Every structure is written in structure tokens, then in C-alpha cells.
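Shown next: entry_26.cif, given as mmCIF, C-alpha atoms.
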data_final
loop_
_atom_site.label_atom_id
_atom_site.label_comp_id
_atom_site.auth_asym_id
_atom_site.auth_seq_id
_atom_site.Cartn_x
_atom_site.Cartn_y
_atom_site.Cartn_z
CA MET A 244 -16.77 -14.29 -5.89
CA VAL A 245 -16.11 -10.71 -7.02
CA PRO A 246 -14.15 -8.68 -4.43
CA ARG A 247 -16.40 -6.10 -2.79
CA LEU A 248 -14.10 -3.21 -3.74
CA LYS A 249 -14.08 -4.25 -7.40
CA GLU A 250 -17.86 -4.35 -7.35
CA ARG A 251 -17.96 -0.95 -5.64
CA TYR A 252 -15.65 0.45 -8.31
CA GLN A 253 -17.90 -0.76 -11.10
CA LYS A 254 -21.22 0.24 -9.53
CA GLU A 255 -20.34 3.42 -7.61
CA VAL A 256 -16.91 4.82 -8.42
CA VAL A 257 -17.17 4.70 -12.24
CA PRO A 258 -20.49 6.62 -12.42
CA THR A 259 -19.22 9.16 -9.88
CA LEU A 260 -16.00 9.83 -11.81
CA VAL A 261 -17.83 10.03 -15.15
CA LYS A 262 -19.93 12.81 -13.66
CA GLU A 263 -17.02 14.49 -11.87
CA PHE A 264 -14.65 14.64 -14.86
CA SER A 265 -17.18 14.51 -17.73
CA TYR A 266 -15.65 11.40 -19.29
CA ALA A 267 -17.17 10.40 -22.62
CA ASN A 268 -17.94 6.91 -21.35
CA ALA A 269 -17.14 4.42 -18.59
CA ASN A 270 -14.13 3.03 -20.49
CA ALA A 271 -12.37 6.38 -20.10
CA VAL A 272 -12.52 6.23 -16.30
CA PRO A 273 -9.11 5.54 -14.68
CA ARG A 274 -8.64 2.31 -12.77
CA LEU A 275 -6.11 0.51 -10.61
CA ARG A 276 -3.59 -1.43 -12.66
CA LYS A 277 -1.33 -2.99 -10.03
CA ILE A 278 -0.07 -2.59 -6.48
CA ILE A 279 3.60 -3.16 -5.64
CA VAL A 280 4.50 -3.95 -2.03
CA ASN A 281 8.21 -3.80 -1.27
CA MET A 282 10.18 -4.56 1.89
CA GLY A 283 13.77 -3.32 1.73
CA LEU A 284 16.10 -4.88 4.29
CA GLY A 285 19.59 -3.44 4.38
CA GLU A 286 20.26 -5.45 7.54
CA ALA A 287 19.87 -8.66 5.53
CA ILE A 288 23.50 -8.17 4.48
CA GLN A 289 24.53 -9.26 7.99
CA ASN A 290 21.50 -11.40 8.84
CA ALA A 291 20.07 -13.53 6.02
CA LYS A 292 17.33 -14.90 8.29
CA LEU A 293 15.67 -11.49 8.27
CA LEU A 294 15.05 -11.91 4.56
CA ASP A 295 13.35 -15.27 5.09
CA SER A 296 11.00 -13.85 7.71
CA ALA A 297 10.28 -10.78 5.57
CA ALA A 298 9.34 -12.93 2.59
CA HIS A 299 7.11 -15.10 4.78
CA GLU A 300 5.35 -12.11 6.35
CA LEU A 301 4.91 -10.36 3.02
CA GLY A 302 3.31 -13.52 1.66
CA GLN A 303 0.91 -13.59 4.62
CA ILE A 304 -0.01 -9.93 4.13
CA THR A 305 -0.59 -10.07 0.38
CA GLY A 306 -1.64 -13.69 -0.20
CA GLN A 307 1.00 -14.09 -2.89
CA LYS A 308 4.53 -15.48 -2.90
CA PRO A 309 7.10 -12.64 -2.95
CA VAL A 310 10.12 -12.40 -5.21
CA ILE A 311 13.51 -11.60 -3.69
CA THR A 312 14.96 -8.26 -4.74
CA ARG A 313 18.71 -7.97 -5.31
CA ALA A 314 21.26 -5.19 -5.31
CA ARG A 315 21.82 -3.68 -8.75
CA LYS A 316 25.39 -2.65 -7.98
CA SER A 317 28.12 -3.08 -5.39
CA ILE A 318 28.65 -0.47 -2.67
CA ALA A 319 31.86 -1.12 -0.77
CA ASN A 320 31.05 1.22 2.14
CA PHE A 321 27.95 -0.83 2.96
CA LYS A 322 29.61 -4.19 2.25
CA LEU A 323 27.04 -4.63 -0.49
CA ARG A 324 27.80 -6.76 -3.53
CA LYS A 325 25.94 -6.77 -6.82
CA ASN A 326 23.06 -9.32 -6.91
CA MET A 327 23.07 -9.70 -3.12
CA PRO A 328 19.50 -10.26 -1.80
CA ILE A 329 18.29 -7.13 -0.01
CA GLY A 330 14.52 -7.35 0.14
CA ALA A 331 11.25 -8.90 -0.93
CA MET A 332 8.56 -7.64 -3.29
CA VAL A 333 5.08 -8.59 -4.46
CA THR A 334 3.19 -7.23 -7.48
CA LEU A 335 -0.57 -7.63 -7.15
CA ARG A 336 -3.06 -7.51 -10.02
CA GLY A 337 -6.70 -8.43 -10.54
CA ASP A 338 -8.79 -9.65 -7.61
CA ARG A 339 -5.82 -9.89 -5.22
CA MET A 340 -5.02 -6.25 -5.90
CA TYR A 341 -8.57 -5.16 -5.01
CA GLU A 342 -8.64 -7.37 -1.91
CA PHE A 343 -5.31 -6.00 -0.67
CA PHE A 344 -6.35 -2.38 -1.26
CA ASP A 345 -9.56 -3.06 0.66
CA ARG A 346 -7.70 -4.57 3.65
CA LEU A 347 -5.09 -1.81 3.57
CA THR A 348 -7.59 1.04 3.73
CA SER A 349 -10.33 -0.47 5.87
CA VAL A 350 -8.35 -2.66 8.30
CA ALA A 351 -4.60 -1.92 8.40
CA MET A 352 -4.51 1.89 8.29
CA PRO A 353 -7.11 2.39 11.04
CA ARG A 354 -4.86 0.26 13.31
CA VAL A 355 -2.04 2.80 13.05
CA ARG A 356 -1.70 4.70 16.31
CA ASP A 357 -2.79 8.35 16.09
CA PHE A 358 -3.62 7.90 12.42
CA ARG A 359 -4.46 11.20 10.72
CA GLY A 360 -4.68 10.01 7.14
CA VAL A 361 -2.15 9.83 4.30
CA SER A 362 -0.71 12.72 2.33
CA THR A 363 -2.22 13.92 -0.94
CA ARG A 364 1.27 14.93 -2.11
CA ALA A 365 2.78 11.49 -2.69
CA PHE A 366 1.79 11.20 -6.35
CA ASP A 367 4.54 10.95 -8.95
CA GLY A 368 3.07 13.19 -11.64
CA ARG A 369 1.91 10.18 -13.67
CA GLY A 370 -1.08 9.13 -11.58
CA ASN A 371 0.78 6.70 -9.30
CA TYR A 372 0.83 6.92 -5.51
CA THR A 373 3.39 5.65 -2.97
CA LEU A 374 2.97 5.45 0.78
CA GLY A 375 5.09 3.93 3.51
CA LEU A 376 4.21 1.81 6.52
CA ARG A 377 6.79 1.58 9.28
CA ASP A 378 5.45 -1.60 10.86
CA GLN A 379 3.99 -4.82 9.45
CA LEU A 380 1.99 -5.39 12.65
CA VAL A 381 -0.88 -3.20 11.43
CA PHE A 382 -1.91 -6.15 9.27
CA PRO A 383 -3.96 -8.64 11.31
CA GLU A 384 -2.48 -11.53 9.31
CA ILE A 385 0.78 -11.06 11.24
CA ASP A 386 1.14 -12.90 14.56
CA TYR A 387 2.86 -10.51 16.97
CA SER A 388 4.40 -13.36 18.97
CA LYS A 389 6.24 -14.66 15.90
CA VAL A 390 7.73 -11.37 14.73
CA ASP A 391 11.50 -11.14 15.12
CA LYS A 392 11.78 -7.52 14.02
CA THR A 393 9.47 -4.74 12.89
CA LYS A 394 9.83 -4.13 9.17
CA GLY A 395 8.70 -1.19 7.09
CA MET A 396 7.37 -1.40 3.57
CA ASN A 397 6.60 0.84 0.61
CA ILE A 398 3.32 0.40 -1.21
CA THR A 399 3.00 1.82 -4.74
CA ILE A 400 -0.47 2.01 -6.26
CA VAL A 401 -0.26 2.19 -10.04
CA THR A 402 -3.23 3.63 -11.93
CA ASP A 403 -3.81 4.53 -15.57
CA ALA A 404 -5.04 8.02 -14.66
CA ARG A 405 -3.72 10.74 -16.95
CA THR A 406 -3.23 13.25 -14.15
CA ASP A 407 -2.57 13.21 -10.42
CA ALA A 408 -5.91 14.98 -9.85
CA GLU A 409 -7.77 12.13 -11.53
CA ALA A 410 -5.76 9.54 -9.60
CA LEU A 411 -6.49 11.38 -6.33
CA ALA A 412 -10.21 11.32 -7.06
CA LEU A 413 -10.06 7.62 -7.98
CA LEU A 414 -8.27 6.63 -4.77
CA ARG A 415 -10.45 8.87 -2.62
CA HIS A 416 -13.66 7.34 -3.95
CA MET A 417 -12.19 3.86 -3.46
CA GLY A 418 -11.60 4.53 0.21
CA MET A 419 -8.05 5.85 0.54
CA PRO A 420 -8.06 7.82 3.83
CA PHE A 421 -6.45 11.13 2.88
CA ARG A 422 -5.59 13.50 5.71
CA GLY A 423 -8.25 16.19 5.61
CA GLU A 424 -11.07 13.71 5.24
CA VAL A 425 -9.89 11.49 8.10
CA GLN A 426 -9.71 14.49 10.42
CA ARG A 427 -13.22 15.60 9.43
CA ARG A 428 -14.59 12.11 10.09
CA GLN A 429 -12.79 11.90 13.44
CA ALA A 430 -14.18 15.27 14.50
CA ALA A 431 -17.71 14.10 13.74
CA ALA A 432 -17.34 10.66 15.36
CA PRO A 433 -17.41 9.66 19.07
CA ALA A 434 -14.02 9.48 20.80
CA PRO A 435 -12.29 6.19 19.82
CA GLY A 436 -10.73 3.69 22.19
CA PRO A 437 -6.95 3.04 22.35
CA ALA A 438 -5.36 1.86 19.10
CA PRO A 439 -4.11 -1.74 19.11
CA ALA A 440 -0.87 -1.14 17.20
CA THR A 441 2.08 1.22 17.45
CA ALA A 442 2.87 1.49 13.76
CA GLN A 443 3.09 4.81 11.97
CA THR A 444 2.78 5.76 8.34
CA SER A 445 5.31 7.80 6.44
CA GLU A 446 5.58 9.09 2.91
CA LYS A 447 7.94 6.20 2.30
CA ALA A 448 9.44 3.57 4.61
CA GLY A 449 12.91 2.27 4.06
CA GLY A 450 14.43 -0.97 5.24
#
In C-alpha cells, what does this structure look like?
Amino acid sequence: MVPRLKERYQKEVVPTLVKEFSYANANAVPRLRKIIVNMGLGEAIQNAKLLDSAAHELGQITGQKPVITRARKSIANFKLRKNMPIGAMVTLRGDRMYEFFDRLTSVAMPRVRDFRGVSTRAFDGRGNYTLGLRDQLVFPEIDYSKVDKTKGMNITIVTDARTDAEALALLRHMGMPFRGEVQRRQAAAPAPGPAPATAQTSEKAGG
């Protein structure tokens, strides 16, 4: 079954962007290429069990087995040795990428307390966007009673857009809740009930 966001991209987003940027044809329209979800855990140096739980939770969130990330060099002040495991990472492509993006924007982000949308300034100049989540509990796949420690994560959305403006338009039409638009929607909507989670977003979230 085709993910609903992939179908929306093909049927709604592509025609809209062709009109908005006057692309010659649908093949010129930018698209998502991959999404990288990374949990960095500096505390894993002293507590290896944190890494096991992070990998397990990241697998639950993304539906894919994570790879363990390792230190590229030694840092004596932090008791860090080269190749020491320090985090977990997943790279999503294809249907899993679309499904994760859909859950992130329509389920996880609205669960962030006092959510006002994400910044439009977190592009890297090459059409890629990175945001941070400070708490894994915004994902409903995570069982609160089994969480040993809240863990932040960075999420990088890689597109093949030629400019940040094109990438911004792509993500906006695919449902990324950027700040100004979220505030406009909230102003027009009835007052919401209390948010179920205490997580916050940031431009980036470290371990």
C-alpha cells in the first residue's frame, strides 16, 4: 500500500510546485531523498545501557534497526576514546521515509507542549533541513513506563532541492508545521485542551 504522504506528494504537491516555481515538468520538482534520525548520547561513556535503550527506542520510532555511531577521535577531557559507541542513527528512504515524515508532522510535533511550529531558518544552504526534538516521548510508539531517561534527537531531512526556498516550499506543502503558519492556524482554531507530553523542539538537540 502506498503511504498516504507519498500519494499526496504525487497528486497534490508536485502540481502545486510546478505552478509555483514554473518547472518545465514534474521530473524537475524537488523531492525527499532521505531522513536521518540521530540520537547522540555522551552519557553512554559511563553507562552503556543507555545506548541499548536508545537503539531500541529509535527502532520503535522509525521502524528500522539503528546503527551504532562511534567517536571519530579520542578526547581525553571527556574520557572519550576513538571508536567508542556514543549514539544510534537510522537513515530512512522510500516508503519508511514518507511514513516517518507523516508521523513526525501530524502526530509527534502536535504533542509537544506549547508547540509554536519549527523555524524556517534551519536549512543548510543546500536544501536540507535539520530540527531537534528534546524528548522521545512525543512519539506514541514509546511506552512512558519503560523509559529510563529522556533522550533528544536530531532529524535531518535531505531533499534534492536546488535552493533553500524550494526546499521550504516542498516541506511546507508536505505538512511541515513552520512557525508562522502554526500560529495562524491556532489563532483560527478553538482553544485546545492540555498537551499530553512535555517535550520541546529546538533547532538541534544534543545528547
Can you translate the PyMOL selection byres ((chain A and resi 274-282) around 8) into the concrete residues it hits in this file, as number ranges by chain?
A: 272-273, 283-284, 297, 301, 330-337, 340, 394-404, 413, 449-450
Atoms kept (C-alpha atoms) for selection, written as a PDB file, in the coordinates of the input:
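This went into result_9.pdb:
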ATOM      1  CA  VAL A 272     -12.520   6.230 -16.300  1.00  0.00           C
ATOM      2  CA  PRO A 273      -9.110   5.540 -14.680  1.00  0.00           C
ATOM      3  CA  GLY A 283      13.770  -3.320   1.730  1.00  0.00           C
ATOM      4  CA  LEU A 284      16.100  -4.880   4.290  1.00  0.00           C
ATOM      5  CA  ALA A 297      10.280 -10.780   5.570  1.00  0.00           C
ATOM      6  CA  LEU A 301       4.910 -10.360   3.020  1.00  0.00           C
ATOM      7  CA  GLY A 330      14.520  -7.350   0.140  1.00  0.00           C
ATOM      8  CA  ALA A 331      11.250  -8.900  -0.930  1.00  0.00           C
ATOM      9  CA  MET A 332       8.560  -7.640  -3.290  1.00  0.00           C
ATOM     10  CA  VAL A 333       5.080  -8.590  -4.460  1.00  0.00           C
ATOM     11  CA  THR A 334       3.190  -7.230  -7.480  1.00  0.00           C
ATOM     12  CA  LEU A 335      -0.570  -7.630  -7.150  1.00  0.00           C
ATOM     13  CA  ARG A 336      -3.060  -7.510 -10.020  1.00  0.00           C
ATOM     14  CA  GLY A 337      -6.700  -8.430 -10.540  1.00  0.00           C
ATOM     15  CA  MET A 340      -5.020  -6.250  -5.900  1.00  0.00           C
ATOM     16  CA  LYS A 394       9.830  -4.130   9.170  1.00  0.00           C
ATOM     17  CA  GLY A 395       8.700  -1.190   7.090  1.00  0.00           C
ATOM     18  CA  MET A 396       7.370  -1.400   3.570  1.00  0.00           C
ATOM     19  CA  ASN A 397       6.600   0.840   0.610  1.00  0.00           C
ATOM     20  CA  ILE A 398       3.320   0.400  -1.210  1.00  0.00           C
ATOM     21  CA  THR A 399       3.000   1.820  -4.740  1.00  0.00           C
ATOM     22  CA  ILE A 400      -0.470   2.010  -6.260  1.00  0.00           C
ATOM     23  CA  VAL A 401      -0.260   2.190 -10.040  1.00  0.00           C
ATOM     24  CA  THR A 402      -3.230   3.630 -11.930  1.00  0.00           C
ATOM     25  CA  ASP A 403      -3.810   4.530 -15.570  1.00  0.00           C
ATOM     26  CA  ALA A 404      -5.040   8.020 -14.660  1.00  0.00           C
ATOM     27  CA  LEU A 413     -10.060   7.620  -7.980  1.00  0.00           C
ATOM     28  CA  GLY A 449      12.910   2.270   4.060  1.00  0.00           C
ATOM     29  CA  GLY A 450      14.430  -0.970   5.240  1.00  0.00           C
TER      30      GLY A 450
END
Test item: the PyMOL selection byres ((chain A and resi 351) around 10) resolved as a PyMOL selection string
chain A and resi 343-350+352-355+376+379-384+440+442
Writer output for current selection, C-alpha atoms, as a short mmCIF file (atom, residue, chain, number, x, y, z; two decimals), keeping the file's coordinate frame:
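Saved to selection-v7.cif:
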data_model
loop_
_atom_site.label_atom_id
_atom_site.label_comp_id
_atom_site.auth_asym_id
_atom_site.auth_seq_id
_atom_site.Cartn_x
_atom_site.Cartn_y
_atom_site.Cartn_z
CA PHE A 343 -5.31 -6.00 -0.67
CA PHE A 344 -6.35 -2.38 -1.26
CA ASP A 345 -9.56 -3.06 0.66
CA ARG A 346 -7.70 -4.57 3.65
CA LEU A 347 -5.09 -1.81 3.57
CA THR A 348 -7.59 1.04 3.73
CA SER A 349 -10.33 -0.47 5.87
CA VAL A 350 -8.35 -2.66 8.30
CA MET A 352 -4.51 1.89 8.29
CA PRO A 353 -7.11 2.39 11.04
CA ARG A 354 -4.86 0.26 13.31
CA VAL A 355 -2.04 2.80 13.05
CA LEU A 376 4.21 1.81 6.52
CA GLN A 379 3.99 -4.82 9.45
CA LEU A 380 1.99 -5.39 12.65
CA VAL A 381 -0.88 -3.20 11.43
CA PHE A 382 -1.91 -6.15 9.27
CA PRO A 383 -3.96 -8.64 11.31
CA GLU A 384 -2.48 -11.53 9.31
CA ALA A 440 -0.87 -1.14 17.20
CA ALA A 442 2.87 1.49 13.76
#
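Rounded to one decimal, atom CA of A:Met244 and atom CA of A:Asp338 lie 9.4 Å from each other.
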What separates atom CA of A:Leu293 and atom CA of A:Ser362 is a distance of 29.8 Å
For this structure, which residues satisfy the selection - the PyMOL selection byres ((chain A and resi 420) around 9) - when it is evaluated on the file as given? I want them as a list in words.
Thr348, Ser349, Met352, Arg359, Gly360, Val361, Ser362, Leu414, Arg415, Gly418, Met419, Phe421, Arg422, Gly423, Glu424 and Val425 of chain A
Would you put the residues from that selection into a file with C-alpha atoms, as a PDB file, in the frame of the given file?
ATOM      1  CA  THR A 348      -7.590   1.040   3.730  1.00  0.00           C
ATOM      2  CA  SER A 349     -10.330  -0.470   5.870  1.00  0.00           C
ATOM      3  CA  MET A 352      -4.510   1.890   8.290  1.00  0.00           C
ATOM      4  CA  ARG A 359      -4.460  11.200  10.720  1.00  0.00           C
ATOM      5  CA  GLY A 360      -4.680  10.010   7.140  1.00  0.00           C
ATOM      6  CA  VAL A 361      -2.150   9.830   4.300  1.00  0.00           C
ATOM      7  CA  SER A 362      -0.710  12.720   2.330  1.00  0.00           C
ATOM      8  CA  LEU A 414      -8.270   6.630  -4.770  1.00  0.00           C
ATOM      9  CA  ARG A 415     -10.450   8.870  -2.620  1.00  0.00           C
ATOM     10  CA  GLY A 418     -11.600   4.530   0.210  1.00  0.00           C
ATOM     11  CA  MET A 419      -8.050   5.850   0.540  1.00  0.00           C
ATOM     12  CA  PHE A 421      -6.450  11.130   2.880  1.00  0.00           C
ATOM     13  CA  ARG A 422      -5.590  13.500   5.710  1.00  0.00           C
ATOM     14  CA  GLY A 423      -8.250  16.190   5.610  1.00  0.00           C
ATOM     15  CA  GLU A 424     -11.070  13.710   5.240  1.00  0.00           C
ATOM     16  CA  VAL A 425      -9.890  11.490   8.100  1.00  0.00           C
TER      17      VAL A 425
END
Using the file's own x, y and z axes, so that the box edges lie along x, y and z, what centre and edge lengths in Å (one decimal) does a box around every listed atom of stretch 411-426 of chain A get when 6 Å is added on each side? Give it as JSON.
{"center_x": -9.6, "center_y": 10.0, "center_z": 1.2, "size_x": 20.1, "size_y": 24.3, "size_z": 30.4}
Have a look at atom CA of A:Gly368 and atom CA of A:Val256 and let me know their distance in Å, one decimal.
21.9 Å
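Nearest residue to A:Tyr372 among A:Asp295, A:Asp407, A:Glu250, A:Glu255 is A:Asp407, counting only C-alpha atoms.
In this comparison, which uses all atoms listed in the file, the residue of A:Met417, A:Val257, A:Ile385, A:Ala267 approaching A:Glu300 most closely is A:Ile385.
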Name the closest residue to A:Lys389 among the candidates A:Asn270, A:Thr363, A:Ser296, A:Thr305; distances are taken between atoms, counting only C-alpha atoms.
A:Ser296
Would you list the contacts of A:Ala269 as an mmCIF file with C-alpha atoms, keeping the file's coordinate frame, taking every protein, DNA or RNA residue within 12 Å and counting all atoms listed in the file, but skipping same-chain residues closer than 6 positions in sequence?
data_model
loop_
_atom_site.group_PDB
_atom_site.id
_atom_site.type_symbol
_atom_site.label_atom_id
_atom_site.label_comp_id
_atom_site.auth_asym_id
_atom_site.auth_seq_id
_atom_site.Cartn_x
_atom_site.Cartn_y
_atom_site.Cartn_z
ATOM 1 C CA TYR A 252 -15.650 0.450 -8.310
ATOM 2 C CA GLN A 253 -17.900 -0.760 -11.100
ATOM 3 C CA LYS A 254 -21.220 0.240 -9.530
ATOM 4 C CA GLU A 255 -20.340 3.420 -7.610
ATOM 5 C CA VAL A 256 -16.910 4.820 -8.420
ATOM 6 C CA VAL A 257 -17.170 4.700 -12.240
ATOM 7 C CA PRO A 258 -20.490 6.620 -12.420
ATOM 8 C CA THR A 259 -19.220 9.160 -9.880
ATOM 9 C CA LEU A 260 -16.000 9.830 -11.810
ATOM 10 C CA VAL A 261 -17.830 10.030 -15.150
ATOM 11 C CA LYS A 262 -19.930 12.810 -13.660
#
